[in-house]
$ cat target-v4.txt   # compact mmCIF, C-alpha atoms
# COMPACT_ATOMS: atom_id res chain seq x y z
CA MET A 215 20.69 -15.40 -2.23
CA PRO A 216 20.90 -11.56 -2.29
CA LEU A 217 18.29 -9.43 -0.56
CA ILE A 218 17.59 -7.60 -3.81
CA ARG A 219 18.80 -7.92 -7.37
CA PRO A 220 18.36 -6.03 -10.65
CA PHE A 221 15.87 -7.28 -13.22
CA ALA A 222 14.95 -6.69 -16.85
CA ALA A 223 11.75 -4.72 -16.43
CA LEU A 224 8.83 -4.74 -18.80
CA ARG A 225 7.89 -1.07 -18.98
CA PRO A 226 6.01 1.38 -21.22
CA ALA A 227 7.64 2.63 -24.37
CA SER A 228 8.36 6.32 -23.80
CA GLU A 229 5.62 7.50 -26.14
CA HIS A 230 3.02 5.36 -24.32
CA ALA A 231 3.98 5.96 -20.69
CA GLU A 232 1.31 8.56 -19.99
CA ALA A 233 -1.39 6.38 -21.54
CA VAL A 234 -0.32 3.27 -19.63
CA LEU A 235 0.17 4.46 -16.05
CA ALA A 236 -2.81 3.72 -13.81
CA PRO A 237 -3.78 3.83 -10.13
CA PRO A 238 -3.12 0.65 -8.12
CA TYR A 239 -5.71 -2.04 -8.72
CA ASP A 240 -7.01 -1.90 -5.15
CA VAL A 241 -7.78 1.82 -4.83
CA LEU A 242 -10.60 1.84 -7.41
CA ASN A 243 -13.75 -0.22 -7.57
CA SER A 244 -14.88 -1.69 -10.89
CA ALA A 245 -17.28 1.15 -11.68
CA GLU A 246 -14.62 3.79 -11.02
CA ALA A 247 -12.13 1.87 -13.16
CA ARG A 248 -14.59 1.63 -16.06
CA GLU A 249 -15.07 5.37 -15.96
CA ARG A 250 -11.33 6.03 -15.68
CA VAL A 251 -10.44 4.08 -18.87
CA THR A 252 -12.85 5.89 -21.17
CA GLY A 253 -10.81 6.75 -24.28
CA LYS A 254 -7.72 5.03 -22.83
CA PRO A 255 -7.23 1.68 -24.59
CA TRP A 256 -3.69 1.27 -23.22
CA SER A 257 -4.45 2.04 -19.58
CA PHE A 258 -2.94 -0.62 -17.34
CA LEU A 259 -6.36 -0.93 -15.68
CA HIS A 260 -7.20 -3.22 -18.61
CA VAL A 261 -4.64 -5.59 -17.09
CA SER A 262 -5.05 -4.97 -13.37
CA LYS A 263 -8.88 -4.80 -13.37
CA ALA A 264 -9.85 -6.66 -16.53
CA GLU A 265 -13.47 -7.09 -15.41
CA ILE A 266 -13.97 -3.62 -16.90
CA ASP A 267 -13.74 -5.23 -20.35
CA LEU A 268 -16.39 -7.83 -19.55
CA PRO A 269 -20.13 -7.44 -18.98
CA GLU A 270 -21.04 -5.17 -16.10
CA HIS A 271 -21.40 -6.92 -12.73
CA THR A 272 -18.92 -9.64 -13.75
CA ASP A 273 -17.41 -11.13 -10.61
CA PRO A 274 -13.84 -9.76 -10.38
CA TYR A 275 -12.72 -13.24 -9.29
CA ASP A 276 -14.27 -15.04 -12.26
CA ALA A 277 -11.82 -17.10 -14.33
CA ALA A 278 -12.75 -15.03 -17.37
CA VAL A 279 -11.29 -11.93 -15.71
CA TYR A 280 -7.84 -13.47 -15.34
CA ALA A 281 -7.97 -14.75 -18.91
CA ARG A 282 -8.92 -11.32 -20.23
CA SER A 283 -6.17 -9.73 -18.13
CA ALA A 284 -3.59 -12.05 -19.68
CA GLY A 285 -4.92 -11.34 -23.17
CA ASN A 286 -4.78 -7.59 -22.64
CA PHE A 287 -1.25 -7.91 -21.27
CA ARG A 288 -0.05 -9.86 -24.30
CA ARG A 289 -1.72 -7.37 -26.64
CA MET A 290 0.16 -4.46 -25.05
CA ILE A 291 3.42 -6.36 -25.52
CA GLU A 292 2.63 -7.36 -29.11
CA HIS A 293 1.82 -3.74 -30.04
CA GLY A 294 5.04 -2.44 -28.51
CA VAL A 295 3.22 -0.49 -25.82
CA LEU A 296 5.17 -2.45 -23.20
CA VAL A 297 8.80 -3.29 -23.95
CA GLN A 298 11.20 -5.43 -21.91
CA ASP A 299 14.71 -4.18 -21.23
CA ASP A 300 17.52 -6.24 -22.73
CA ALA A 301 19.47 -6.59 -19.47
CA PRO A 302 18.79 -6.45 -15.71
CA TYR A 303 18.88 -3.02 -14.12
CA TYR A 304 17.74 -1.16 -11.06
CA TYR A 305 15.24 1.66 -11.57
CA VAL A 306 15.20 4.91 -9.60
CA TYR A 307 11.56 5.85 -9.01
CA ARG A 308 10.59 9.29 -7.70
CA LEU A 309 7.14 10.42 -6.56
CA ILE A 310 6.23 14.07 -6.04
CA MET A 311 2.93 15.01 -4.43
CA GLU A 312 1.99 18.47 -3.21
CA GLY A 313 5.63 19.49 -2.97
CA ARG A 314 6.72 16.34 -1.10
CA THR A 315 9.35 14.16 -2.79
CA GLN A 316 10.31 10.56 -2.14
CA THR A 317 12.91 8.70 -4.16
CA GLY A 318 13.28 4.94 -4.11
CA ILE A 319 14.53 2.01 -6.14
CA ALA A 320 12.61 -0.62 -8.10
CA ALA A 321 14.24 -4.00 -7.66
CA ALA A 322 13.49 -7.71 -7.42
CA ALA A 323 13.34 -8.63 -3.72
CA SER A 324 14.14 -12.07 -2.36
CA VAL A 325 11.26 -14.39 -1.55
CA ALA A 326 13.62 -16.38 0.68
CA ALA A 327 14.35 -13.23 2.71
CA TYR A 328 10.60 -12.63 3.00
CA ASP A 329 9.98 -16.21 4.11
CA ALA A 330 12.79 -15.97 6.66
CA GLY A 331 11.44 -12.72 8.14
CA ARG A 332 14.26 -10.50 6.91
CA ILE A 333 11.66 -8.68 4.84
CA LYS A 334 9.25 -7.95 7.65
CA ARG A 335 5.49 -7.68 7.46
CA HIS A 336 3.12 -5.97 9.88
CA GLU A 337 -0.34 -7.07 8.72
CA PHE A 338 -2.35 -10.25 8.47
CA THR A 339 -3.54 -11.19 4.99
CA ARG A 340 -6.91 -12.50 3.86
CA PRO A 341 -6.94 -15.81 1.95
CA ALA A 342 -9.36 -14.57 -0.74
CA LYS A 343 -7.16 -11.60 -1.59
CA GLU A 344 -4.04 -13.75 -1.59
CA ASP A 345 -5.74 -16.22 -3.91
CA ASP A 346 -6.68 -13.38 -6.24
CA ARG A 347 -3.07 -12.19 -6.51
CA VAL A 348 -1.81 -15.74 -7.05
CA ARG A 349 -4.27 -16.25 -9.91
CA GLN A 350 -3.39 -12.88 -11.45
CA ILE A 351 0.35 -13.54 -11.37
CA GLU A 352 -0.04 -17.06 -12.72
CA ALA A 353 -2.30 -15.88 -15.55
CA LEU A 354 0.22 -13.23 -16.66
CA ASP A 355 3.36 -15.15 -15.74
CA ALA A 356 4.46 -11.79 -14.37
CA GLN A 357 4.26 -9.60 -11.29
CA THR A 358 2.77 -6.26 -12.30
CA GLY A 359 1.88 -4.69 -8.95
CA PRO A 360 5.00 -3.68 -6.99
CA VAL A 361 5.24 -4.32 -3.27
CA PHE A 362 5.97 -1.06 -1.43
CA LEU A 363 9.00 -1.72 0.79
CA VAL A 364 10.93 0.53 3.18
CA TYR A 365 14.57 0.52 4.27
CA ALA A 366 16.15 2.38 7.16
CA ALA A 367 17.61 5.43 5.41
CA ASP A 368 21.15 4.71 4.22
CA THR A 369 23.45 7.47 2.95
CA VAL A 370 25.21 5.18 0.45
CA VAL A 371 21.97 4.18 -1.23
CA ASP A 372 20.37 7.61 -0.90
CA ASP A 373 23.38 9.33 -2.49
CA ILE A 374 23.47 6.98 -5.48
CA LEU A 375 19.73 7.37 -6.09
CA ALA A 376 20.14 11.16 -5.94
CA THR A 377 23.05 11.00 -8.42
CA VAL A 378 21.13 8.89 -10.92
CA ALA A 379 18.13 11.21 -10.59
CA GLN A 380 20.23 14.14 -11.78
CA GLY A 381 20.20 12.67 -15.28
CA THR A 382 17.55 12.81 -17.97
CA PRO A 383 14.58 10.69 -16.85
CA ASP A 384 13.47 7.67 -18.85
CA MET A 385 9.89 8.39 -17.81
CA ASP A 386 8.23 11.54 -16.51
CA VAL A 387 4.46 11.46 -16.18
CA THR A 388 2.06 13.50 -14.06
CA ALA A 389 -1.00 11.39 -13.31
CA ASP A 390 -4.61 12.60 -13.20
CA SER A 391 -4.25 12.74 -9.41
CA GLY A 392 -1.53 15.37 -9.73
CA VAL A 393 1.21 13.01 -8.55
CA ARG A 394 4.35 13.18 -10.67
CA HIS A 395 5.97 9.80 -11.43
CA THR A 396 9.56 9.97 -12.68
CA MET A 397 11.92 7.07 -13.37
CA TRP A 398 15.55 6.66 -14.35
CA VAL A 399 17.22 3.39 -15.39
CA MET A 400 20.37 2.70 -13.36
CA ARG A 401 22.69 1.24 -15.99
CA ASP A 402 26.08 1.81 -14.37
CA ALA A 403 27.50 -1.53 -13.20
CA GLY A 404 29.50 0.11 -10.41
CA GLN A 405 26.47 1.87 -9.00
CA MET A 406 24.43 -1.33 -9.19
CA ALA A 407 27.11 -3.30 -7.35
CA THR A 408 27.37 -0.65 -4.62
CA VAL A 409 23.60 -0.56 -4.15
CA ARG A 410 23.38 -4.34 -3.95
CA ALA A 411 26.18 -4.46 -1.35
CA ALA A 412 24.57 -1.68 0.69
CA PHE A 413 21.26 -3.53 0.83
CA GLU A 414 23.04 -6.77 1.67
CA SER A 415 24.46 -5.08 4.77
CA MET A 416 20.99 -4.08 6.01
CA ASP A 417 19.37 -6.10 8.75
CA SER A 418 15.94 -5.97 7.19
CA LEU A 419 13.40 -4.36 4.91
CA TYR A 420 9.77 -3.61 5.81
CA VAL A 421 6.57 -4.16 3.86
CA ALA A 422 4.71 -0.86 3.90
CA ASP A 423 1.98 -1.77 1.42
CA GLY A 424 1.46 -4.93 -0.60
CA HIS A 425 1.16 -7.71 1.98
CA HIS A 426 -1.11 -9.77 -0.28
CA ARG A 427 1.21 -9.36 -3.28
CA SER A 428 4.28 -10.44 -1.32
CA ALA A 429 2.41 -13.38 0.23
CA ALA A 430 1.22 -14.43 -3.22
CA ALA A 431 4.78 -14.26 -4.57
CA SER A 432 5.90 -16.56 -1.75
CA ARG A 433 3.18 -19.07 -2.55
CA ILE A 434 4.02 -19.07 -6.26
CA ALA A 435 7.74 -19.53 -5.54
CA ALA A 436 6.98 -22.55 -3.37
CA ILE A 437 4.73 -24.10 -6.03
CA ARG A 438 7.22 -23.56 -8.84
CA LYS A 439 10.17 -24.73 -6.79
CA ALA A 440 8.37 -27.98 -5.99
CA ALA A 441 7.57 -28.52 -9.67
CA ASN A 442 11.07 -27.67 -10.93
CA HIS A 443 13.45 -30.63 -10.51
CA SER A 444 16.39 -28.47 -11.64
CA HIS A 445 15.57 -25.60 -9.27
CA SER A 446 18.67 -23.47 -8.65
CA GLY A 447 17.35 -20.49 -6.68
CA ASP A 448 18.26 -18.13 -9.51
CA GLU A 449 14.90 -18.36 -11.28
CA PRO A 450 12.81 -15.16 -11.49
CA TYR A 451 10.05 -16.72 -9.38
CA ASN A 452 12.41 -16.59 -6.39
CA TYR A 453 12.05 -12.80 -6.36
CA PHE A 454 9.16 -10.37 -6.29
CA LEU A 455 8.63 -6.93 -7.78
CA SER A 456 9.24 -4.14 -5.29
CA VAL A 457 9.85 -0.43 -4.98
CA ILE A 458 11.90 0.41 -1.89
CA PHE A 459 11.99 3.86 -0.23
CA PRO A 460 13.97 5.24 2.73
CA HIS A 461 11.91 5.40 5.91
CA ASP A 462 12.52 9.11 6.48
CA GLN A 463 10.81 10.06 3.21
CA MET A 464 7.59 8.16 3.88
CA HIS A 465 4.33 10.06 4.25
CA ILE A 466 1.65 8.24 6.25
CA LEU A 467 -1.79 9.81 6.41
CA ASP A 468 -4.48 9.23 8.99
CA TYR A 469 -6.78 6.23 8.53
CA ASN A 470 -10.09 7.27 10.05
CA ARG A 471 -13.05 5.29 11.40
CA VAL A 472 -16.82 5.57 10.98
CA ILE A 473 -19.33 3.50 12.96
CA ARG A 474 -22.87 2.68 11.86
CA ASP A 475 -24.64 2.98 15.25
CA LEU A 476 -24.06 3.80 18.92
CA ASN A 477 -24.77 0.28 20.14
CA GLY A 478 -28.18 1.25 21.52
CA MET A 479 -27.07 4.45 23.28
CA GLN A 480 -28.27 8.01 22.80
CA PRO A 481 -25.60 10.64 21.95
CA ASN A 482 -25.54 12.18 25.44
CA ASP A 483 -25.23 8.79 27.11
CA PHE A 484 -22.49 7.82 24.68
CA ILE A 485 -20.53 11.01 25.40
CA ALA A 486 -20.77 10.34 29.12
CA ARG A 487 -19.36 6.85 28.62
CA VAL A 488 -16.53 8.16 26.43
CA ALA A 489 -15.60 10.63 29.18
CA GLU A 490 -14.70 7.69 31.43
CA SER A 491 -11.49 7.14 29.43
CA PHE A 492 -10.99 10.38 27.49
CA ASP A 493 -10.89 14.09 28.17
CA ILE A 494 -13.57 15.63 25.92
CA GLU A 495 -13.71 19.17 24.57
CA LEU A 496 -16.33 20.54 22.18
CA SER A 497 -14.70 22.01 19.06
CA ASP A 498 -15.95 24.78 16.76
CA GLU A 499 -14.15 23.23 13.78
CA PRO A 500 -13.28 19.79 12.45
CA VAL A 501 -10.63 18.12 14.58
CA HIS A 502 -7.46 16.98 12.85
CA PRO A 503 -5.37 15.48 15.68
CA VAL A 504 -1.91 17.00 16.03
CA GLN A 505 -0.30 14.48 18.36
CA ALA A 506 -0.46 10.84 19.42
CA GLY A 507 -3.21 10.08 21.92
CA GLU A 508 -5.51 12.72 20.47
CA PHE A 509 -8.63 11.97 18.43
CA GLY A 510 -11.44 13.85 16.74
CA MET A 511 -15.04 12.68 17.15
CA TYR A 512 -17.94 13.80 14.96
CA LEU A 513 -21.32 13.04 16.49
CA ALA A 514 -24.80 14.49 15.94
CA GLY A 515 -23.47 17.43 13.92
CA SER A 516 -20.72 18.45 16.37
CA TRP A 517 -16.96 17.89 16.58
CA TYR A 518 -15.22 16.94 19.81
CA ARG A 519 -11.52 16.70 20.67
CA LEU A 520 -10.67 13.58 22.66
CA ASN A 521 -7.47 12.88 24.59
CA VAL A 522 -6.99 9.42 26.01
CA ASP A 523 -6.12 9.24 29.70
CA ALA A 524 -2.33 8.90 29.95
CA ASP A 525 -2.51 6.02 32.41
CA LEU A 526 -4.28 3.93 29.75
CA ILE A 527 -1.28 4.01 27.38
CA PRO A 528 0.99 0.91 27.66
CA TYR A 529 4.15 2.61 26.45
CA ASP A 530 6.21 -0.60 26.51
CA ASP A 531 3.91 -2.46 24.08
CA PRO A 532 4.55 -1.46 20.42
CA VAL A 533 1.08 -2.57 19.29
CA ALA A 534 -1.12 -1.65 22.25
CA ARG A 535 0.32 1.90 22.43
CA LEU A 536 -0.73 2.71 18.84
CA ASP A 537 -3.58 5.21 18.56
CA VAL A 538 -5.64 2.74 16.54
CA SER A 539 -5.23 0.23 19.38
CA LEU A 540 -6.04 2.77 22.10
CA LEU A 541 -9.25 3.82 20.37
CA ALA A 542 -10.25 0.20 19.84
CA ALA A 543 -9.44 -0.95 23.38
CA ASN A 544 -10.98 1.99 25.22
CA LEU A 545 -13.94 2.98 23.05
CA ILE A 546 -14.79 1.00 19.94
CA GLU A 547 -14.79 -2.43 21.58
CA PRO A 548 -16.11 -1.75 25.11
CA LEU A 549 -18.66 0.92 24.19
CA LEU A 550 -19.66 0.09 20.63
CA GLY A 551 -19.30 -3.69 20.85
CA ILE A 552 -17.00 -4.08 17.84
CA SER A 553 -14.34 -6.66 18.70
CA ASP A 554 -13.42 -7.83 15.19
CA PRO A 555 -12.98 -4.81 12.90
CA ARG A 556 -11.82 -7.06 10.07
CA ARG A 557 -15.25 -8.65 9.76
CA ASP A 558 -17.76 -6.43 11.56
CA THR A 559 -19.82 -4.57 8.97
CA ARG A 560 -20.74 -1.84 11.46
CA ILE A 561 -17.31 -0.21 11.05
CA ASP A 562 -15.73 1.30 7.97
CA PHE A 563 -12.40 2.99 7.31
CA ILE A 564 -11.68 6.18 5.37
CA GLY A 565 -8.22 7.13 4.17
CA GLY A 566 -7.05 10.57 5.18
CA ILE A 567 -6.61 11.57 1.55
CA ARG A 568 -10.41 12.04 1.47
CA GLY A 569 -10.33 14.67 4.21
CA LEU A 570 -12.44 15.25 7.30
CA ARG A 571 -15.43 16.45 5.28
CA GLU A 572 -15.87 12.87 4.11
CA LEU A 573 -16.40 11.86 7.75
CA GLU A 574 -19.04 14.55 8.17
CA LYS A 575 -20.73 13.46 4.95
CA ARG A 576 -20.99 9.82 6.05
CA VAL A 577 -22.49 10.78 9.42
CA ASP A 578 -24.76 13.62 8.23
CA SER A 579 -26.26 11.32 5.59
CA GLY A 580 -27.49 9.01 8.34
CA GLU A 581 -25.41 6.11 6.99
CA MET A 582 -23.11 6.30 10.01
CA ALA A 583 -23.68 7.49 13.58
CA VAL A 584 -20.22 8.59 14.66
CA ALA A 585 -16.81 9.22 13.09
CA PHE A 586 -13.30 9.34 14.55
CA SER A 587 -10.34 11.18 13.05
CA MET A 588 -6.91 9.79 13.87
CA PHE A 589 -3.34 10.97 14.26
CA PRO A 590 -1.25 9.14 11.61
CA THR A 591 0.77 6.12 12.66
CA SER A 592 4.48 6.93 12.43
CA MET A 593 6.96 5.00 10.32
CA THR A 594 9.06 4.32 13.42
CA ASP A 595 6.01 2.79 15.13
CA LEU A 596 5.39 0.56 12.11
CA MET A 597 9.01 -0.60 12.13
CA ALA A 598 8.88 -1.24 15.89
CA VAL A 599 5.82 -3.46 15.44
CA ALA A 600 7.47 -5.39 12.60
CA ASP A 601 10.72 -5.74 14.56
CA SER A 602 8.81 -7.21 17.48
CA GLY A 603 7.27 -9.85 15.21
CA GLU A 604 3.78 -8.53 15.89
CA VAL A 605 1.09 -7.29 13.52
CA MET A 606 -0.75 -4.00 13.49
CA PRO A 607 -4.51 -3.62 13.80
CA PRO A 608 -6.32 -3.46 10.45
CA LYS A 609 -6.29 -0.18 8.55
CA SER A 610 -3.53 1.39 10.63
CA THR A 611 -1.63 3.13 7.82
CA TRP A 612 -2.51 4.97 4.64
CA PHE A 613 0.52 5.75 2.50
CA GLU A 614 0.49 8.60 0.01
CA PRO A 615 1.40 8.99 -2.73
CA LYS A 616 0.60 5.58 -4.17
CA LEU A 617 2.80 3.76 -6.65
CA ALA A 618 1.38 3.57 -10.16
CA ASP A 619 0.63 0.27 -11.87
CA GLY A 620 2.29 -0.25 -15.23
CA VAL A 621 5.57 1.55 -14.48
CA VAL A 622 7.55 -1.69 -14.25
CA SER A 623 6.59 -5.37 -14.38
CA HIS A 624 8.69 -8.39 -13.42
CA MET A 625 8.48 -11.27 -15.89
CA LEU A 626 8.64 -14.79 -14.46
CA ASP A 627 9.39 -16.74 -17.63

$ encode --input "target-v4.txt" --output "structure tokens"
Amino acid sequence: MPLIRPFAALRPASEHAEAVLAPPYDVLNSAEARERVTGKPWSFLHVSKAEIDLPEHTDPYDAAVYARSAGNFRRMIEHGVLVQDDAPYYYVYRLIMEGRTQTGIAAAASVAAYDAGRIKRHEFTRPAKEDDRVRQIEALDAQTGPVFLVYAADTVVDDILATVAQGTPDMDVTADSGVRHTMWVMRDAGQMATVRAAFESMDSLYVADGHHRSAAASRIAAIRKAANHSHSGDEPYNYFLSVIFPHDQMHILDYNRVIRDLNGMQPNDFIARVAESFDIELSDEPVHPVQAGEFGMYLAGSWYRLNVDADLIPYDDPVARLDVSLLAANLIEPLLGISDPRRDTRIDFIGGIRGLRELEKRVDSGEMAVAFSMFPTSMTDLMAVADSGEVMPPKSTWFEPKLADGVVSHMLD
């Protein structure tokens, strides 16, 4: 079974592309999504967050939501807003944000490779979110949210993607966020064969974003395989929708932390305890760390620059040496008493796309007591964790730009 293969994508008709493209389902809450679709009847949010078309405060996991999502999906197909290609292709997908460009390929990735660990993950998943993705895919009989995968940059693949991208794009849309989404259909059989062979020679791919979607695809494949007495391995359910980028074009932003209280300490006492493991320097401006091992701390209206003591860094451990791990092990857990950041409601996480002012806002409002700005996790660190078979702490990476929903969908029928 190949690592990736082409597929006949369901995608927006050219005249509807701008109206269809939407942010990923998990970056907006229901209220934000309702506001975003005003005057946009073909927005893919009607499929990915169908609770917006039901009474306000409808539970997003209610059965009616999945039914409405499927109905909206069928309506877009029936009206020719979404059209399926007549043959399997690869799709070159380019994102441009603030002058940064990354060019990847949309393909169907092997569930068997994922199950075997050749497509490597670096996060735990939560059952409720997995269940949600399973129900969504089953309701639509399609995968509509691509899994964001990464490959170790390969000149053969990179050169072909660059060649295809010299042609006239099949889609070129600049989203409300300012991110430009451009796509070309790779129709040349020779190019497709070369790309497939190049990927087949790779040791592995890495899940950057979309752990719940890939896990859900694996569950659905297992269910359908068990129910299909003539299972051959060639069925669409044996593959999942993905967009795959070279590792050296990835842009990971900081994923910052805010804490609700100081665990019973006063600010001065807390600072003294922090100084046991970190060098502390008062800063006249917000601290955006410029290297690993450096952190910003916003407390009681002031910014501080923290540098973890070098002898506390276990350089030979790919997980423990991460900045998110160092902050947790030497400050958040021992001083603030937060040992399970996945479940503890005293901690929250803020993507770097929101900026450091968002940290100040959350603390100055009194909602939070202290904030920490982080140096972004590197792509090589992520790959090292995945290669070791370990998982990263929660909220370790924030990838920008995000893939759009609605660009391509993978039909399972």

$ closest_atom_pairs --input "target-v4.txt" --of "stretch 489-529 of chain A" --to "stretch 572-595 of chain A" --cutoff "12 Å" --atoms "only C-alpha atoms" --output "Markdown table"
| residue | atom | partner | partner_atom | distance |
| --- | --- | --- | --- | --- |
| A:Glu499 | CA | A:Glu574 | CA | 11.4 |
| A:Pro500 | CA | A:Glu574 | CA | 8.9 |
| A:Val501 | CA | A:Ser587 | CA | 7.1 |
| A:His502 | CA | A:Ser587 | CA | 6.5 |
| A:Pro503 | CA | A:Phe589 | CA | 5.1 |
| A:Val504 | CA | A:Phe589 | CA | 6.4 |
| A:Gln505 | CA | A:Phe589 | CA | 6.2 |
| A:Ala506 | CA | A:Phe589 | CA | 5.9 |
| A:Gly507 | CA | A:Phe589 | CA | 7.7 |
| A:Glu508 | CA | A:Phe589 | CA | 6.8 |
| A:Phe509 | CA | A:Met588 | CA | 5.3 |
| A:Gly510 | CA | A:Ser587 | CA | 4.7 |
| A:Met511 | CA | A:Phe586 | CA | 4.6 |
| A:Tyr512 | CA | A:Ala585 | CA | 5.1 |
| A:Leu513 | CA | A:Val584 | CA | 4.9 |
| A:Ala514 | CA | A:Ala583 | CA | 7.5 |
| A:Gly515 | CA | A:Asp578 | CA | 7.0 |
| A:Ser516 | CA | A:Glu574 | CA | 9.2 |
| A:Trp517 | CA | A:Glu574 | CA | 9.3 |
| A:Tyr518 | CA | A:Phe586 | CA | 9.4 |
| A:Arg519 | CA | A:Ser587 | CA | 9.5 |
| A:Leu520 | CA | A:Phe586 | CA | 9.5 |
| A:Asn521 | CA | A:Met588 | CA | 11.2 |
| A:Tyr529 | CA | A:Asp595 | CA | 11.5 |

$ closest_residue --input "target-v4.txt" --among "A:Arg410, A:Arg225, A:His271, A:Arg427" --to "A:Glu344" --atoms "only C-alpha atoms"
A:Arg427

$ closest_atom_pairs --input "target-v4.txt" --of "stretch 318-410 of chain A" --to "stretch 295-312 of chain A" --cutoff "9 Å" --atoms "all atoms listed in the file" --output "Markdown table"
| residue | atom | partner | partner_atom | distance |
| --- | --- | --- | --- | --- |
| A:Gly318 | CA | A:Tyr307 | CA | 5.3 |
| A:Ile319 | CA | A:Val306 | CA | 4.6 |
| A:Ala320 | CA | A:Tyr305 | CA | 4.9 |
| A:Ala321 | CA | A:Tyr304 | CA | 5.6 |
| A:Ala322 | CA | A:Tyr304 | CA | 8.6 |
| A:Leu375 | CA | A:Val306 | CA | 6.2 |
| A:Ala376 | CA | A:Val306 | CA | 8.8 |
| A:Val378 | CA | A:Val306 | CA | 7.3 |
| A:Ala379 | CA | A:Val306 | CA | 7.0 |
| A:Gly392 | CA | A:Met311 | CA | 6.9 |
| A:Val393 | CA | A:Met311 | CA | 4.9 |
| A:Arg394 | CA | A:Ile310 | CA | 5.1 |
| A:His395 | CA | A:Leu309 | CA | 5.0 |
| A:Thr396 | CA | A:Arg308 | CA | 5.1 |
| A:Met397 | CA | A:Tyr307 | CA | 4.5 |
| A:Trp398 | CA | A:Val306 | CA | 5.1 |
| A:Val399 | CA | A:Tyr305 | CA | 4.6 |
| A:Met400 | CA | A:Tyr304 | CA | 5.2 |
| A:Arg401 | CA | A:Tyr303 | CA | 6.0 |
| A:Asp402 | CA | A:Tyr303 | CA | 8.7 |
| A:Ala403 | CA | A:Tyr303 | CA | 8.8 |
| A:Met406 | CA | A:Tyr304 | CA | 6.9 |

$ residues_around --input "target-v4.txt" --residues "A:Tyr453" --least-positions-apart "5" --cutoff "10 Å" --atoms "only C-alpha atoms" --output "list of chain:residue names"
A:Met215, A:Pro216, A:Leu217, A:Ile218, A:Arg219, A:Phe221, A:Ala321, A:Ala322, A:Ala323, A:Ser324, A:Val325, A:Ala326, A:Ala327, A:Tyr328, A:Gln357, A:Ser428, A:Ala431, A:Ser432, A:Ala435, A:Gly447, A:Asp448, A:His624, A:Leu626

$ residues_near_point --input "target-v4.txt" --point "(-1.6, 8.7, 30.8)" --cutoff "12 Å" --atoms "all atoms listed in the file" --output "list in words"
Ser491, Phe492, Asp493, Ala506, Gly507, Glu508, Asn521, Val522, Asp523, Ala524, Asp525, Leu526, Ile527, Pro528, Tyr529, Arg535 and Leu540 of chain A

$ atom_distance --input "target-v4.txt" --atom1 "atom CA of A:Ser244" --atom2 "atom CA of A:Ala264"
9.0 Å

$ closest_residue --input "target-v4.txt" --among "A:Asp417, A:Asp627, A:Asp462, A:Glu337" --to "A:Ala367" --atoms "all atoms listed in the file"
A:Asp462

$ decode --input "target-v4.txt" --residues "stretch 529-552 of chain A" --atoms "C-alpha atoms" --output "PDB file, in the first residue's frame"
ATOM      1  CA  TYR A 529      19.949  17.907  26.489  1.00  0.00           C
ATOM      2  CA  ASP A 530      19.795  14.176  25.729  1.00  0.00           C
ATOM      3  CA  ASP A 531      16.011  13.935  26.277  1.00  0.00           C
ATOM      4  CA  PRO A 532      14.015  15.194  23.242  1.00  0.00           C
ATOM      5  CA  VAL A 533      10.890  15.882  25.319  1.00  0.00           C
ATOM      6  CA  ALA A 534      12.314  17.116  28.627  1.00  0.00           C
ATOM      7  CA  ARG A 535      14.634  19.620  26.894  1.00  0.00           C
ATOM      8  CA  LEU A 536      11.727  21.422  25.182  1.00  0.00           C
ATOM      9  CA  ASP A 537      11.013  24.901  26.535  1.00  0.00           C
ATOM     10  CA  VAL A 538       7.418  23.946  27.308  1.00  0.00           C
ATOM     11  CA  SER A 539       8.750  21.033  29.388  1.00  0.00           C
ATOM     12  CA  LEU A 540      11.380  23.153  31.155  1.00  0.00           C
ATOM     13  CA  LEU A 541       8.811  25.751  32.181  1.00  0.00           C
ATOM     14  CA  ALA A 542       6.423  23.065  33.382  1.00  0.00           C
ATOM     15  CA  ALA A 543       9.034  21.069  35.309  1.00  0.00           C
ATOM     16  CA  ASN A 544      10.782  24.005  36.964  1.00  0.00           C
ATOM     17  CA  LEU A 545       7.997  26.526  37.522  1.00  0.00           C
ATOM     18  CA  ILE A 546       4.423  25.682  36.601  1.00  0.00           C
ATOM     19  CA  GLU A 547       4.272  22.350  38.426  1.00  0.00           C
ATOM     20  CA  PRO A 548       6.488  22.881  41.500  1.00  0.00           C
ATOM     21  CA  LEU A 549       5.524  26.505  42.185  1.00  0.00           C
ATOM     22  CA  LEU A 550       1.998  26.821  40.830  1.00  0.00           C
ATOM     23  CA  GLY A 551       0.842  23.274  41.549  1.00  0.00           C
ATOM     24  CA  ILE A 552      -0.355  22.483  38.016  1.00  0.00           C
TER      25      ILE A 552
END
